[in-house]
Every structure is written in structure tokens, then in C-alpha cells.
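Asker: Take a look at the following structure, please.
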Amino acid sequence: MKILDETSRTLNEFLLLPGLTTEECTPQNVDLTTSVVRHKVGEDSPVRIATPLVSAIMQAVSSPKLAVALAQSGGLSFVHQNQPIADQADDVRAVKRHKAGFRTSEVNVKPSTTLGEVARLLAEVDQGVAVVTENGSADGKFLGVIGLEDFHTKRHGAGEIVTARMRPRDQLRTAPSTISLSEANELIWEQRLDVLPVVDGDRLASLVLKRDYQAHKTFHIASVDDQKRFRVGAGINSRDFEERVPALVEAGADVLCLDSSDGYSVYQKKALESVRAKYGNDVFVGAGNVVDGRAFRYLAEAGADFVKVGIGGGSICITRDQKGIGRGQASALIDVVKERDAYAAETGIYVPICCDGGLLSDYHMAIAFAIGTDFVMLGRYFARFDESPSRKVRVDGQYYKEYWGEGSRRAQNAARYGQSDEIAFEEGVDGFVPYAGSLYDNVELTRSKLTATMISCGATTLKQFHEEAVMVQVSERSYEQNTAEVRLRERSVDSGE
């Protein structure tokens with residue numbers, strides 16, 4: 001037995017001291033871009049993201065819809081692996097079909113579809129235009145488009161069919177699949193188009209909508225590959241990786257990650273070595289989770305492209321309660337960051353680390369970045385948004401989103417926790433989190449808070465923030481002062497507000 005001479009610390013137990021804010025420290029100059037996978041020291045990582053937030057490998061979090069929204073916002077989503085291989089590969093393909101500024105058609109109808117049905121389908125998506133194909137499928141022969149501005153069900157009749165109001169292909173301005181986004185937007189504005197179908201022979205490849213033009217400007221930091229397709233990650237496990245990895249690679253996954261509550265194992269090493277033997281350095285695989293430098297080095301030497309840090313600190317996790325295993329997230333990060341930097345100095349290879357868990361507020365993210373994490377993985381944070389796959393429910397007059405851990409009976413993800421085919425005991429709970437609206441708005445708010453914190457500390461990059469940040473531990477008395485209760489006024493009380 002060995003007892004470490006330390007107290008296990010959480011991120012909540014630290015505060016940052018302000019640094020010198022110089023003239024260079026402006027919001028426009030702050031760069032949150034970070035490395036996702038290993039690279040030589042002094043060189044850029046093959047995969048970088050402009051927003052250092054990634055979504056957790058969870059059923060309640062990482063759907064294709066959320067992956068697209070997060071990629072647009074500069075982050076990266078990891079599609080969960082607790083599903084059949086073919087289904088997970090389909091989820092990856094669903095994301096990779098999206099190119100920045102180019103939409104895949106969400107509504108495809110036959111020429112015989114009624115206007116009432118078109119109106120109903122368009123009401124369910126944020127697109128405003130349906131594609132008409134010969135057989136009503138996305139891969140069918142492209143015949144034309146019909147949008148909400150082309151008809152009115154009361155004027156033209158809900159029972160009238162699409163051919164009466166559609167815009168046929170021969171009357172549309174189309175573009176070849178080789179067109180760039182800037183060229184497509186130029187064409188839209190020059191010819192006063194509301195939609196530009198991009199075609200590949202008889203098939204529609206994508207749509208460029210005039211209404212998306214401002215979004216293109218807003219999402220200039222989108223995470224895209226060299227073909228301008230949105231980046232997406234995917235979870236794998238150490239049991240069926242030999243079948244799952246090839247399917248995900250073929251589907252186009254940009255980054256894979258071994259998904260386990262405890263990654264310090266020979267099984268993860270074997271999985272990493274197997275992928276390296278088959279794909280060399282062409283397939284990126286992260287590993288984890290770990291809580292100390294020993295485990296980091298073990299996985300880094302096995303070939304991990306990044307290492308996830310955190311056991312038992314997640315809001316939905318009860319591993320510490322059930323098994324007595326874990327470490328305060330701040331203590332874990334401090335230890336792993338020290339080993340990461342030592343490994344980089346010795347080998348010339350930088351292996352990024354991901355803080356997974358213990359992040360209950362935006363300022364906790366700032367503390368994690370100050371300690372030295374490269375990016376953070378979030379579950380509860382993303383589960384609250386419209387784009388997450390879980391249901392929105394009303395409880396006692398307030399809206400919530402369902403949220404459950406991968407160690408819960410609802411998830412039945414026994415492989416992740418090293419149990420038998422069925423979960424014998426739970427390491428996660430099933431509950432609700434307060435509904436928070438749009439991912440886009442919340443991620444932008446978080447970016448703003450991180451930017452403001454870095455400016456106050458005199459830093460314009462995450463690397464500089466880590467190197468120059470000064471932190472202090474918070475005493476229990478200090479914490480109590482920070483959380484003193486104040487009853488806030490209701491706006492309706494004062495008619496002048």
C-alpha cells in the first residue's frame with residue numbers, strides 16, 4: 001500500500017490571479033485554437049479545432065444533429081459507440097455528408113406528394129425548401145425544388161400535388177459539384193437566387209441557400225477537413241475494435257477514442273497497437289480515462305493520439321461511490337500535465353490531454369485550461385441543448401432534458417465498465433438537466449467567458465494562458481464568501497425596470 005502525500009483537489013478549489021492586460025489582449029486577438037491529436041513539438045497538429053470543446057461519448061449527448069452544430073461552432077463531437085457498428089457508421093456518414101455552407105437535403109419528396117404533406121415536412125426542419133426527386137429519396141433523379149414561398153395551402157389547396165407548384169430543374173440555375181462556397185455565394189447574389197442546387201449528373205449533391213449566407217460568416221471557425229466536410233469523432237471499445245474501427249474509418253470518422261471509465265489497461269494498449277499495425281499513423285485514436293502520470297505515459301507510449309483525464313468527476317458518474325476509485329480533477333490534471341510536458345521534452349512528441357469531468361461551470365473550464373488541458377469533453381453541458389438527442393420534458397412547470405450516464409442501467413453499456421454482458425451494478429445515474437436552449441448561443445457565451453478570463457490574465461492563446469497563469473487555492477471560508485446567498489429582485493417588482 002502507498003498513500004500519496006496530497007489532498008485530492010477539484011477545479012472548484014482554485015482561483016486565477018489577474019495578470020497584466022496589455023494592448024494586445026483584446027477579444028479579436030484571443031485565439032482558442034487547440035491541438036486534438038499528437039504532433040511533433042513546434043509543429044501544428046493534423047487535427048485542430050478553434051473551439052476547445054468536444055462532446056462526450058454518450059447516447060444522451062452525441063447525435064449527428066449535435067455533431068453538425070458543434071462542428072459549425074468550431075468544436076468536435078464524438079458519436080457514441082453503445083450501438084451496432086452499422087448504426088454508428090451511419091451516424092458518422094450523416095455528419096460527413098455536410099460541407100461547410102453546403103446543405104444536404106433534409107426533405108425529399110415525390111412529384112405526387114401533396115402540398116399539405118410538403119408543408120408539414122418543412123415545418124419540422126430548418127431548411128425552407130424541399131427537393132423533388134423521381135422516387136422521393138435523396139439519391140433519386142433530381143427533378144426540381146419546392147419551397148414555402150412557392151405555395152400556400154389555403155390558396156392552392158393542401159391536396160394539390162407538388163408538380164403544380166414546384167420549380168423544375170430546367171428552370172433553375174444549378175452549379176456543378178466542383179463549385180466552391182465563395183463561388184456559390186457570388187452566383188446567388190449576382191443572379192438573385194434564394195437557392196442554388198449543386199448537382200452531380202442526374203443527382204443532387206447539395207444545396208446552398210441564400211438565407212445561410214450570414215451563417216457562413218458567423219461560422220467561419222467551423223471544424224472541417226480538407227474537403228470542407230464537417231469533422232466528427234467516434235467512440236470505440238477494446239472488445240470489438242477490430243470490426244468497428246474499419247467501419248468507422250470507411251465512414252469518414254476524423255478521430256476515434258477508446259471509451260472506458262478506466263483506460264490504464266493492457267486491453268487499451270493492445271487496441272492501440274493493433275490500429276497502429278494496420279493503419280500506421282493515418283488513423284487517430286485517443287485513449288483513457290486516466291488520473292495520473294503513470295497511466296498517461298503508458299498510453300502515450302502505446303500510441304495514443306490524445307489522453308482523456310478524469311475518473312468519477314462527471315455530474316452523472318457515481319464510480320467513486322460504487323468502487324472508491326478516482327481523483328479530484330484538478331489533482332489529476334496537474335499530475336498528467338506534468339508528465340505530458342516531460343514526455344514531450346524527452347521524445348519531441350506532444351500528446352494532447354482532454355479534461356473529461358469535473359466541469360460544472362464555464363470558469364471550471366478556464367481553470368482546467370490554466371492547468372494545461374488542451375481541450376475539454378462535456379456531457380451535461382451539451383445534454384441541455386436543443387440539438388442533443390434526448391427528450392425535452394416539463395417538470396413542475398420547468399423544462400428539462402433527459403440525461404443518463406453510460407454506466408446506468410438505461411444505457412446498459414457494460415463493455416465500457418468492464419462488467420459482464422449485463423450491468424451488475426450502476427456507475428451512472430438517470431435523470432434530468434435544466435433545458436438551456438440553442439447550442440450555438442451557449443457555446444458562443446462560453447467562448448466569450450473564456451476569452452474574457454484569458455484577457456484578465458494577460459493571455460491571448462491557450463499555450464500562453466497555461467504558461468503564465470497564476471492560481472491560488474480557495475479556503476473553505478473564502479468559498480463560503482463567494483457563495484453568499486443574495487435574494488434577487490423580481491423585475492416585475494419595480495415598474496421602472
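Just remember, in the C-alpha cells the first chain shown is A, the second B, etc., residues are 1-based per chain, and ligands are 1-based in the order shown.
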For range 293-310 of chain A, work out the shell of residues within 7 Å, counting only C-alpha atoms and skipping chain neighbours fewer than 3 positions away, then give it as a PDB file with all heavy atoms, in the first residue's frame.
Answerer:
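Resulting contents of selection24.pdb:
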```
ATOM      1  N   VAL A  36      -5.768  18.547 -31.208  1.00  0.00           N
ATOM      2  CA  VAL A  36      -6.580  17.407 -30.779  1.00  0.00           C
ATOM      3  C   VAL A  36      -5.753  16.130 -30.755  1.00  0.00           C
ATOM      4  O   VAL A  36      -5.944  15.281 -29.879  1.00  0.00           O
ATOM      5  CB  VAL A  36      -7.803  17.230 -31.699  1.00  0.00           C
ATOM      6  CG1 VAL A  36      -8.587  15.965 -31.339  1.00  0.00           C
ATOM      7  CG2 VAL A  36      -8.716  18.452 -31.613  1.00  0.00           C
ATOM      8  N   VAL A  37      -4.821  15.962 -31.694  1.00  0.00           N
ATOM      9  CA  VAL A  37      -4.040  14.722 -31.760  1.00  0.00           C
ATOM     10  C   VAL A  37      -2.545  15.019 -31.736  1.00  0.00           C
ATOM     11  O   VAL A  37      -2.105  16.145 -31.988  1.00  0.00           O
ATOM     12  CB  VAL A  37      -4.391  13.899 -33.013  1.00  0.00           C
ATOM     13  CG1 VAL A  37      -5.871  13.521 -33.009  1.00  0.00           C
ATOM     14  CG2 VAL A  37      -4.056  14.659 -34.296  1.00  0.00           C
ATOM     15  N   ARG A  38      -1.767  13.999 -31.460  1.00  0.00           N
ATOM     16  CA  ARG A  38      -0.324  14.144 -31.253  1.00  0.00           C
ATOM     17  C   ARG A  38       0.380  14.752 -32.460  1.00  0.00           C
ATOM     18  O   ARG A  38      -0.042  14.597 -33.599  1.00  0.00           O
ATOM     19  CB  ARG A  38       0.313  12.800 -30.902  1.00  0.00           C
ATOM     20  CG  ARG A  38       0.309  11.770 -32.019  1.00  0.00           C
ATOM     21  CD  ARG A  38       1.297  10.637 -31.735  1.00  0.00           C
ATOM     22  NE  ARG A  38       1.052   9.947 -30.492  1.00  0.00           N
ATOM     23  CZ  ARG A  38       1.989   9.325 -29.783  1.00  0.00           C
ATOM     24  NH1 ARG A  38       3.243   9.318 -30.212  1.00  0.00           N
ATOM     25  NH2 ARG A  38       1.691   8.695 -28.664  1.00  0.00           N
ATOM     26  N   TYR A 264      -6.307   2.726 -18.014  1.00  0.00           N
ATOM     27  CA  TYR A 264      -4.969   2.231 -17.691  1.00  0.00           C
ATOM     28  C   TYR A 264      -5.006   0.702 -17.712  1.00  0.00           C
ATOM     29  O   TYR A 264      -5.007   0.048 -16.674  1.00  0.00           O
ATOM     30  CB  TYR A 264      -4.561   2.767 -16.320  1.00  0.00           C
ATOM     31  CG  TYR A 264      -3.108   2.556 -15.928  1.00  0.00           C
ATOM     32  CD1 TYR A 264      -2.131   2.205 -16.850  1.00  0.00           C
ATOM     33  CD2 TYR A 264      -2.716   2.740 -14.601  1.00  0.00           C
ATOM     34  CE1 TYR A 264      -0.815   2.034 -16.481  1.00  0.00           C
ATOM     35  CE2 TYR A 264      -1.395   2.577 -14.206  1.00  0.00           C
ATOM     36  CZ  TYR A 264      -0.450   2.221 -15.151  1.00  0.00           C
ATOM     37  OH  TYR A 264       0.864   2.052 -14.771  1.00  0.00           O
ATOM     38  N   LYS A 269      -3.955  -0.821 -24.563  1.00  0.00           N
ATOM     39  CA  LYS A 269      -2.657  -0.875 -25.228  1.00  0.00           C
ATOM     40  C   LYS A 269      -2.724  -1.781 -26.450  1.00  0.00           C
ATOM     41  O   LYS A 269      -2.234  -1.427 -27.539  1.00  0.00           O
ATOM     42  CB  LYS A 269      -1.601  -1.384 -24.260  1.00  0.00           C
ATOM     43  CG  LYS A 269      -0.211  -1.502 -24.892  1.00  0.00           C
ATOM     44  CD  LYS A 269       0.803  -2.047 -23.895  1.00  0.00           C
ATOM     45  CE  LYS A 269       2.174  -2.175 -24.560  1.00  0.00           C
ATOM     46  NZ  LYS A 269       3.197  -2.746 -23.633  1.00  0.00           N
ATOM     47  N   LEU A 272      -4.671  -0.066 -29.261  1.00  0.00           N
ATOM     48  CA  LEU A 272      -3.876   0.979 -29.898  1.00  0.00           C
ATOM     49  C   LEU A 272      -2.813   0.384 -30.810  1.00  0.00           C
ATOM     50  O   LEU A 272      -2.615   0.839 -31.950  1.00  0.00           O
ATOM     51  CB  LEU A 272      -3.221   1.858 -28.832  1.00  0.00           C
ATOM     52  CG  LEU A 272      -4.151   2.774 -28.033  1.00  0.00           C
ATOM     53  CD1 LEU A 272      -3.435   3.316 -26.804  1.00  0.00           C
ATOM     54  CD2 LEU A 272      -4.663   3.915 -28.891  1.00  0.00           C
ATOM     55  N   GLU A 273      -2.137  -0.638 -30.329  1.00  0.00           N
ATOM     56  CA  GLU A 273      -1.088  -1.266 -31.128  1.00  0.00           C
ATOM     57  C   GLU A 273      -1.660  -1.933 -32.361  1.00  0.00           C
ATOM     58  O   GLU A 273      -1.037  -1.917 -33.438  1.00  0.00           O
ATOM     59  CB  GLU A 273      -0.322  -2.275 -30.270  1.00  0.00           C
ATOM     60  CG  GLU A 273       0.528  -1.613 -29.180  1.00  0.00           C
ATOM     61  CD  GLU A 273       1.185  -2.605 -28.243  1.00  0.00           C
ATOM     62  OE1 GLU A 273       0.731  -3.778 -28.202  1.00  0.00           O
ATOM     63  OE2 GLU A 273       2.143  -2.218 -27.536  1.00  0.00           O
ATOM     64  N   PHE A 284      -6.314   8.337 -36.278  1.00  0.00           N
ATOM     65  CA  PHE A 284      -6.049   8.938 -34.971  1.00  0.00           C
ATOM     66  C   PHE A 284      -6.958   8.315 -33.916  1.00  0.00           C
ATOM     67  O   PHE A 284      -8.182   8.273 -34.086  1.00  0.00           O
ATOM     68  CB  PHE A 284      -6.275  10.441 -35.026  1.00  0.00           C
ATOM     69  CG  PHE A 284      -5.473  11.128 -36.101  1.00  0.00           C
ATOM     70  CD1 PHE A 284      -6.112  11.795 -37.139  1.00  0.00           C
ATOM     71  CD2 PHE A 284      -4.092  11.102 -36.085  1.00  0.00           C
ATOM     72  CE1 PHE A 284      -5.391  12.432 -38.133  1.00  0.00           C
ATOM     73  CE2 PHE A 284      -3.346  11.729 -37.072  1.00  0.00           C
ATOM     74  CZ  PHE A 284      -3.993  12.392 -38.100  1.00  0.00           C
ATOM     75  N   VAL A 285      -6.343   7.850 -32.807  1.00  0.00           N
ATOM     76  CA  VAL A 285      -7.102   7.202 -31.738  1.00  0.00           C
ATOM     77  C   VAL A 285      -6.684   7.767 -30.388  1.00  0.00           C
ATOM     78  O   VAL A 285      -5.513   7.683 -30.001  1.00  0.00           O
ATOM     79  CB  VAL A 285      -6.889   5.671 -31.725  1.00  0.00           C
ATOM     80  CG1 VAL A 285      -7.800   5.028 -30.668  1.00  0.00           C
ATOM     81  CG2 VAL A 285      -7.166   5.066 -33.095  1.00  0.00           C
ATOM     82  N   GLY A 286      -7.636   8.341 -29.660  1.00  0.00           N
ATOM     83  CA  GLY A 286      -7.402   8.768 -28.297  1.00  0.00           C
ATOM     84  C   GLY A 286      -7.673   7.627 -27.337  1.00  0.00           C
ATOM     85  O   GLY A 286      -8.284   6.620 -27.703  1.00  0.00           O
ATOM     86  N   ALA A 287      -7.224   7.763 -26.093  1.00  0.00           N
ATOM     87  CA  ALA A 287      -7.416   6.705 -25.099  1.00  0.00           C
ATOM     88  C   ALA A 287      -7.693   7.325 -23.737  1.00  0.00           C
ATOM     89  O   ALA A 287      -7.566   8.523 -23.537  1.00  0.00           O
ATOM     90  CB  ALA A 287      -6.181   5.801 -25.046  1.00  0.00           C
ATOM     91  N   GLY A 288      -8.041   6.477 -22.783  1.00  0.00           N
ATOM     92  CA  GLY A 288      -8.333   6.929 -21.426  1.00  0.00           C
ATOM     93  C   GLY A 288      -9.536   6.198 -20.859  1.00  0.00           C
ATOM     94  O   GLY A 288     -10.054   5.281 -21.492  1.00  0.00           O
ATOM     95  N   ASN A 289      -9.965   6.537 -19.673  1.00  0.00           N
ATOM     96  CA  ASN A 289      -9.567   7.700 -18.895  1.00  0.00           C
ATOM     97  C   ASN A 289      -8.499   7.353 -17.873  1.00  0.00           C
ATOM     98  O   ASN A 289      -8.422   6.214 -17.416  1.00  0.00           O
ATOM     99  CB  ASN A 289     -10.784   8.294 -18.192  1.00  0.00           C
ATOM    100  CG  ASN A 289     -11.696   9.053 -19.146  1.00  0.00           C
ATOM    101  OD1 ASN A 289     -11.672   8.884 -20.351  1.00  0.00           O
ATOM    102  ND2 ASN A 289     -12.542   9.894 -18.571  1.00  0.00           N
ATOM    103  N   VAL A 290      -7.709   8.365 -17.483  1.00  0.00           N
ATOM    104  CA  VAL A 290      -6.637   8.187 -16.512  1.00  0.00           C
ATOM    105  C   VAL A 290      -6.688   9.316 -15.492  1.00  0.00           C
ATOM    106  O   VAL A 290      -7.364  10.324 -15.709  1.00  0.00           O
ATOM    107  CB  VAL A 290      -5.259   8.174 -17.206  1.00  0.00           C
ATOM    108  CG1 VAL A 290      -5.200   7.116 -18.302  1.00  0.00           C
ATOM    109  CG2 VAL A 290      -4.904   9.557 -17.781  1.00  0.00           C
ATOM    110  N   GLY A 313     -15.462  12.129 -11.760  1.00  0.00           N
ATOM    111  CA  GLY A 313     -15.780  13.538 -11.549  1.00  0.00           C
ATOM    112  C   GLY A 313     -16.958  14.039 -12.342  1.00  0.00           C
ATOM    113  O   GLY A 313     -17.375  15.182 -12.172  1.00  0.00           O
ATOM    114  N   GLN A 329     -10.358  16.289  -9.939  1.00  0.00           N
ATOM    115  CA  GLN A 329      -9.985  16.582 -11.314  1.00  0.00           C
ATOM    116  C   GLN A 329      -8.786  17.525 -11.409  1.00  0.00           C
ATOM    117  O   GLN A 329      -7.946  17.371 -12.292  1.00  0.00           O
ATOM    118  CB  GLN A 329     -11.181  17.180 -12.063  1.00  0.00           C
ATOM    119  CG  GLN A 329     -11.020  17.241 -13.566  1.00  0.00           C
ATOM    120  CD  GLN A 329     -11.012  15.871 -14.227  1.00  0.00           C
ATOM    121  OE1 GLN A 329     -11.053  14.844 -13.572  1.00  0.00           O
ATOM    122  NE2 GLN A 329     -10.956  15.867 -15.546  1.00  0.00           N
ATOM    123  N   ALA A 332      -5.671  15.443 -10.691  1.00  0.00           N
ATOM    124  CA  ALA A 332      -5.394  14.552 -11.814  1.00  0.00           C
ATOM    125  C   ALA A 332      -4.753  15.312 -12.973  1.00  0.00           C
ATOM    126  O   ALA A 332      -3.763  14.875 -13.556  1.00  0.00           O
ATOM    127  CB  ALA A 332      -6.682  13.872 -12.262  1.00  0.00           C
ATOM    128  N   LEU A 333      -5.304  16.469 -13.303  1.00  0.00           N
ATOM    129  CA  LEU A 333      -4.767  17.261 -14.411  1.00  0.00           C
ATOM    130  C   LEU A 333      -3.349  17.736 -14.127  1.00  0.00           C
ATOM    131  O   LEU A 333      -2.471  17.680 -14.997  1.00  0.00           O
ATOM    132  CB  LEU A 333      -5.676  18.459 -14.692  1.00  0.00           C
ATOM    133  CG  LEU A 333      -6.999  18.171 -15.399  1.00  0.00           C
ATOM    134  CD1 LEU A 333      -7.850  19.429 -15.427  1.00  0.00           C
ATOM    135  CD2 LEU A 333      -6.765  17.655 -16.810  1.00  0.00           C
ATOM    136  N   ASP A 335      -1.056  16.402 -12.314  1.00  0.00           N
ATOM    137  CA  ASP A 335      -0.123  15.273 -12.428  1.00  0.00           C
ATOM    138  C   ASP A 335       0.090  14.885 -13.893  1.00  0.00           C
ATOM    139  O   ASP A 335       1.223  14.693 -14.343  1.00  0.00           O
ATOM    140  CB  ASP A 335      -0.678  14.094 -11.635  1.00  0.00           C
ATOM    141  CG  ASP A 335       0.381  13.024 -11.383  1.00  0.00           C
ATOM    142  OD1 ASP A 335       1.546  13.220 -11.786  1.00  0.00           O
ATOM    143  OD2 ASP A 335       0.039  11.985 -10.793  1.00  0.00           O
ATOM    144  N   VAL A 336      -0.998  14.792 -14.651  1.00  0.00           N
ATOM    145  CA  VAL A 336      -0.897  14.356 -16.045  1.00  0.00           C
ATOM    146  C   VAL A 336      -0.213  15.419 -16.907  1.00  0.00           C
ATOM    147  O   VAL A 336       0.596  15.093 -17.786  1.00  0.00           O
ATOM    148  CB  VAL A 336      -2.288  13.999 -16.606  1.00  0.00           C
ATOM    149  CG1 VAL A 336      -2.205  13.693 -18.100  1.00  0.00           C
ATOM    150  CG2 VAL A 336      -2.867  12.797 -15.866  1.00  0.00           C
ATOM    151  N   GLU A 339       3.464  15.165 -16.574  1.00  0.00           N
ATOM    152  CA  GLU A 339       4.010  14.027 -17.315  1.00  0.00           C
ATOM    153  C   GLU A 339       3.954  14.259 -18.818  1.00  0.00           C
ATOM    154  O   GLU A 339       4.862  13.867 -19.548  1.00  0.00           O
ATOM    155  CB  GLU A 339       3.250  12.750 -16.938  1.00  0.00           C
ATOM    156  CG  GLU A 339       3.907  11.466 -17.414  1.00  0.00           C
ATOM    157  CD  GLU A 339       5.255  11.206 -16.744  1.00  0.00           C
ATOM    158  OE1 GLU A 339       5.448  11.656 -15.595  1.00  0.00           O
ATOM    159  OE2 GLU A 339       6.122  10.571 -17.388  1.00  0.00           O
ATOM    160  N   VAL A 351       1.582  15.036 -26.884  1.00  0.00           N
ATOM    161  CA  VAL A 351       0.331  14.268 -26.845  1.00  0.00           C
ATOM    162  C   VAL A 351      -0.698  15.079 -26.070  1.00  0.00           C
ATOM    163  O   VAL A 351      -0.587  15.215 -24.847  1.00  0.00           O
ATOM    164  CB  VAL A 351       0.530  12.886 -26.192  1.00  0.00           C
ATOM    165  CG1 VAL A 351      -0.792  12.122 -26.154  1.00  0.00           C
ATOM    166  CG2 VAL A 351       1.583  12.082 -26.955  1.00  0.00           C
ATOM    167  N   PRO A 352      -1.702  15.654 -26.734  1.00  0.00           N
ATOM    168  CA  PRO A 352      -2.694  16.492 -26.047  1.00  0.00           C
ATOM    169  C   PRO A 352      -3.461  15.724 -24.977  1.00  0.00           C
ATOM    170  O   PRO A 352      -3.615  14.497 -25.071  1.00  0.00           O
ATOM    171  CB  PRO A 352      -3.637  16.932 -27.186  1.00  0.00           C
ATOM    172  CG  PRO A 352      -2.828  16.781 -28.430  1.00  0.00           C
ATOM    173  CD  PRO A 352      -1.944  15.599 -28.185  1.00  0.00           C
ATOM    174  N   ILE A 353      -3.937  16.451 -23.987  1.00  0.00           N
ATOM    175  CA  ILE A 353      -4.792  15.834 -22.976  1.00  0.00           C
ATOM    176  C   ILE A 353      -6.160  16.508 -22.982  1.00  0.00           C
ATOM    177  O   ILE A 353      -6.293  17.689 -23.267  1.00  0.00           O
ATOM    178  CB  ILE A 353      -4.163  15.887 -21.570  1.00  0.00           C
ATOM    179  CG1 ILE A 353      -3.946  17.318 -21.112  1.00  0.00           C
ATOM    180  CG2 ILE A 353      -2.869  15.107 -21.525  1.00  0.00           C
ATOM    181  CD1 ILE A 353      -3.477  17.405 -19.661  1.00  0.00           C
ATOM    182  N   CYS A 354      -7.147  15.701 -22.667  1.00  0.00           N
ATOM    183  CA  CYS A 354      -8.550  16.144 -22.650  1.00  0.00           C
ATOM    184  C   CYS A 354      -9.072  16.024 -21.226  1.00  0.00           C
ATOM    185  O   CYS A 354      -9.000  14.957 -20.620  1.00  0.00           O
ATOM    186  CB  CYS A 354      -9.373  15.273 -23.600  1.00  0.00           C
ATOM    187  SG  CYS A 354     -11.164  15.472 -23.440  1.00  0.00           S
ATOM    188  N   CYS A 355      -9.599  17.108 -20.704  1.00  0.00           N
ATOM    189  CA  CYS A 355     -10.219  17.101 -19.377  1.00  0.00           C
ATOM    190  C   CYS A 355     -11.656  16.608 -19.517  1.00  0.00           C
ATOM    191  O   CYS A 355     -12.480  17.256 -20.154  1.00  0.00           O
ATOM    192  CB  CYS A 355     -10.196  18.499 -18.773  1.00  0.00           C
ATOM    193  SG  CYS A 355     -11.092  18.645 -17.207  1.00  0.00           S
ATOM    194  N   ASP A 356     -11.955  15.456 -18.928  1.00  0.00           N
ATOM    195  CA  ASP A 356     -13.271  14.833 -19.055  1.00  0.00           C
ATOM    196  C   ASP A 356     -13.880  14.665 -17.667  1.00  0.00           C
ATOM    197  O   ASP A 356     -13.562  13.725 -16.945  1.00  0.00           O
ATOM    198  CB  ASP A 356     -13.125  13.479 -19.761  1.00  0.00           C
ATOM    199  CG  ASP A 356     -14.451  12.740 -19.915  1.00  0.00           C
ATOM    200  OD1 ASP A 356     -15.510  13.389 -19.784  1.00  0.00           O
ATOM    201  OD2 ASP A 356     -14.422  11.517 -20.162  1.00  0.00           O
ATOM    202  N   GLY A 357     -14.754  15.616 -17.290  1.00  0.00           N
ATOM    203  CA  GLY A 357     -15.416  15.524 -15.995  1.00  0.00           C
ATOM    204  C   GLY A 357     -14.971  16.625 -15.044  1.00  0.00           C
ATOM    205  O   GLY A 357     -13.925  17.261 -15.225  1.00  0.00           O
TER     206      GLY A 357
END
```
Asker: Need the shell around Leu359 in chain A: protein/DNA/RNA residues with any atom at most 12 Å away, counting only C-alpha atoms. Skip same-chain ones fewer than 6 positions apart. Format as a compact mmCIF listing (two decimals) with C-alpha atoms, in the first residue's frame?
Answerer:
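Saved file selection_11.txt follows:
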```
# COMPACT_ATOMS: atom_id res chain seq x y z
CA THR A 10 -11.20 19.71 -7.54
CA LEU A 11 -11.29 22.53 -10.08
CA ASN A 12 -13.66 24.37 -7.76
CA LEU A 53 -14.92 21.84 -26.56
CA GLY A 310 -10.91 12.07 -15.26
CA GLY A 312 -15.53 9.77 -11.09
CA GLY A 313 -15.78 13.54 -11.55
CA GLY A 314 -18.64 13.64 -14.05
CA SER A 315 -22.00 15.02 -12.94
CA ILE A 316 -23.73 11.77 -13.94
CA GLY A 328 -10.04 15.18 -7.79
CA GLN A 329 -9.99 16.58 -11.31
CA ALA A 330 -7.53 19.38 -10.55
CA MET A 365 -13.10 25.15 -17.90
CA ALA A 366 -10.86 28.20 -17.52
CA ILE A 367 -9.13 26.61 -14.52
CA ALA A 368 -8.61 23.40 -16.50
CA PHE A 369 -7.03 25.32 -19.39
CA PHE A 375 -9.49 20.60 -24.73
CA VAL A 376 -12.44 19.63 -22.56
CA MET A 377 -15.04 16.90 -23.02
CA LEU A 378 -18.55 17.75 -21.82
CA GLY A 379 -21.66 15.67 -21.27
CA ARG A 380 -24.13 17.54 -19.05
CA TYR A 381 -23.22 20.82 -20.76
CA PHE A 382 -24.32 19.60 -24.21
```
Asker: Once DSSP has gone over the backbone, tell me which residues of range 14-81 of chain A are in alpha helix (DSSP H), as a list in words.
Answerer: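 Assigned to alpha helix (DSSP H), within range 14-81 of chain A: Pro64, Lys65, Leu66, Ala67, Val68, Ala69, Leu70, Ala71 and Gln72 of chain A.
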Asker: So, with only C-alpha atoms as the atoms that count, which of A:Arg340, A:Lys270, A:Arg384, A:Arg327 lies closest to Leu4 in chain A?
Answerer: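 When distances to Leu4 in chain A are compared using only C-alpha atoms, the smallest one comes from A:Arg327.
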Asker: Neighbours of Val249 in chain A within 12 Å (only C-alpha atoms; same-chain residues fewer than 6 positions away dropped), as a list in words?
Answerer: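 Final neighbour list, sorted by chain and number: Ile85, Gln88, Ala89, Asp90, Val92, Arg93, Lys96, Val232, Gly233, Ala234, Gly235, Ile236, Phe241, Glu242, Glu243, Val255, Leu256, Val275, Lys278, Tyr279, Asp282, Val283, Phe284 and Val285 of chain A.
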Asker: Generate a file of the selected residues that holds C-alpha atoms, formatted as a PDB file, in the first residue's frame.
Answerer:
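Below is the file part_21.pdb, written as the result:
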```pdb
ATOM      1  CA  ILE A  85     -21.411  -0.890 -35.664  1.00  0.00           C
ATOM      2  CA  GLN A  88     -22.652   4.206 -35.582  1.00  0.00           C
ATOM      3  CA  ALA A  89     -21.063   4.261 -39.044  1.00  0.00           C
ATOM      4  CA  ASP A  90     -24.320   5.663 -40.452  1.00  0.00           C
ATOM      5  CA  VAL A  92     -20.689   9.335 -38.916  1.00  0.00           C
ATOM      6  CA  ARG A  93     -21.739   9.399 -42.574  1.00  0.00           C
ATOM      7  CA  LYS A  96     -19.690  13.866 -43.144  1.00  0.00           C
ATOM      8  CA  VAL A 232     -16.636  14.234 -36.435  1.00  0.00           C
ATOM      9  CA  GLY A 233     -15.178  11.799 -33.921  1.00  0.00           C
ATOM     10  CA  ALA A 234     -16.417   8.382 -32.827  1.00  0.00           C
ATOM     11  CA  GLY A 235     -16.074   6.219 -29.749  1.00  0.00           C
ATOM     12  CA  ILE A 236     -14.711   2.669 -29.870  1.00  0.00           C
ATOM     13  CA  PHE A 241     -12.489  -2.628 -32.237  1.00  0.00           C
ATOM     14  CA  GLU A 242     -11.231  -4.973 -34.954  1.00  0.00           C
ATOM     15  CA  GLU A 243     -14.639  -4.788 -36.640  1.00  0.00           C
ATOM     16  CA  VAL A 255     -10.762  10.887 -34.847  1.00  0.00           C
ATOM     17  CA  LEU A 256     -11.542   7.794 -32.775  1.00  0.00           C
ATOM     18  CA  VAL A 275      -4.726   0.079 -35.027  1.00  0.00           C
ATOM     19  CA  LYS A 278      -2.992  -1.848 -39.562  1.00  0.00           C
ATOM     20  CA  TYR A 279      -3.195   1.881 -40.339  1.00  0.00           C
ATOM     21  CA  ASP A 282      -3.201   7.594 -40.732  1.00  0.00           C
ATOM     22  CA  VAL A 283      -5.917   6.855 -38.150  1.00  0.00           C
ATOM     23  CA  PHE A 284      -6.049   8.938 -34.971  1.00  0.00           C
ATOM     24  CA  VAL A 285      -7.102   7.202 -31.738  1.00  0.00           C
TER      25      VAL A 285
END
```
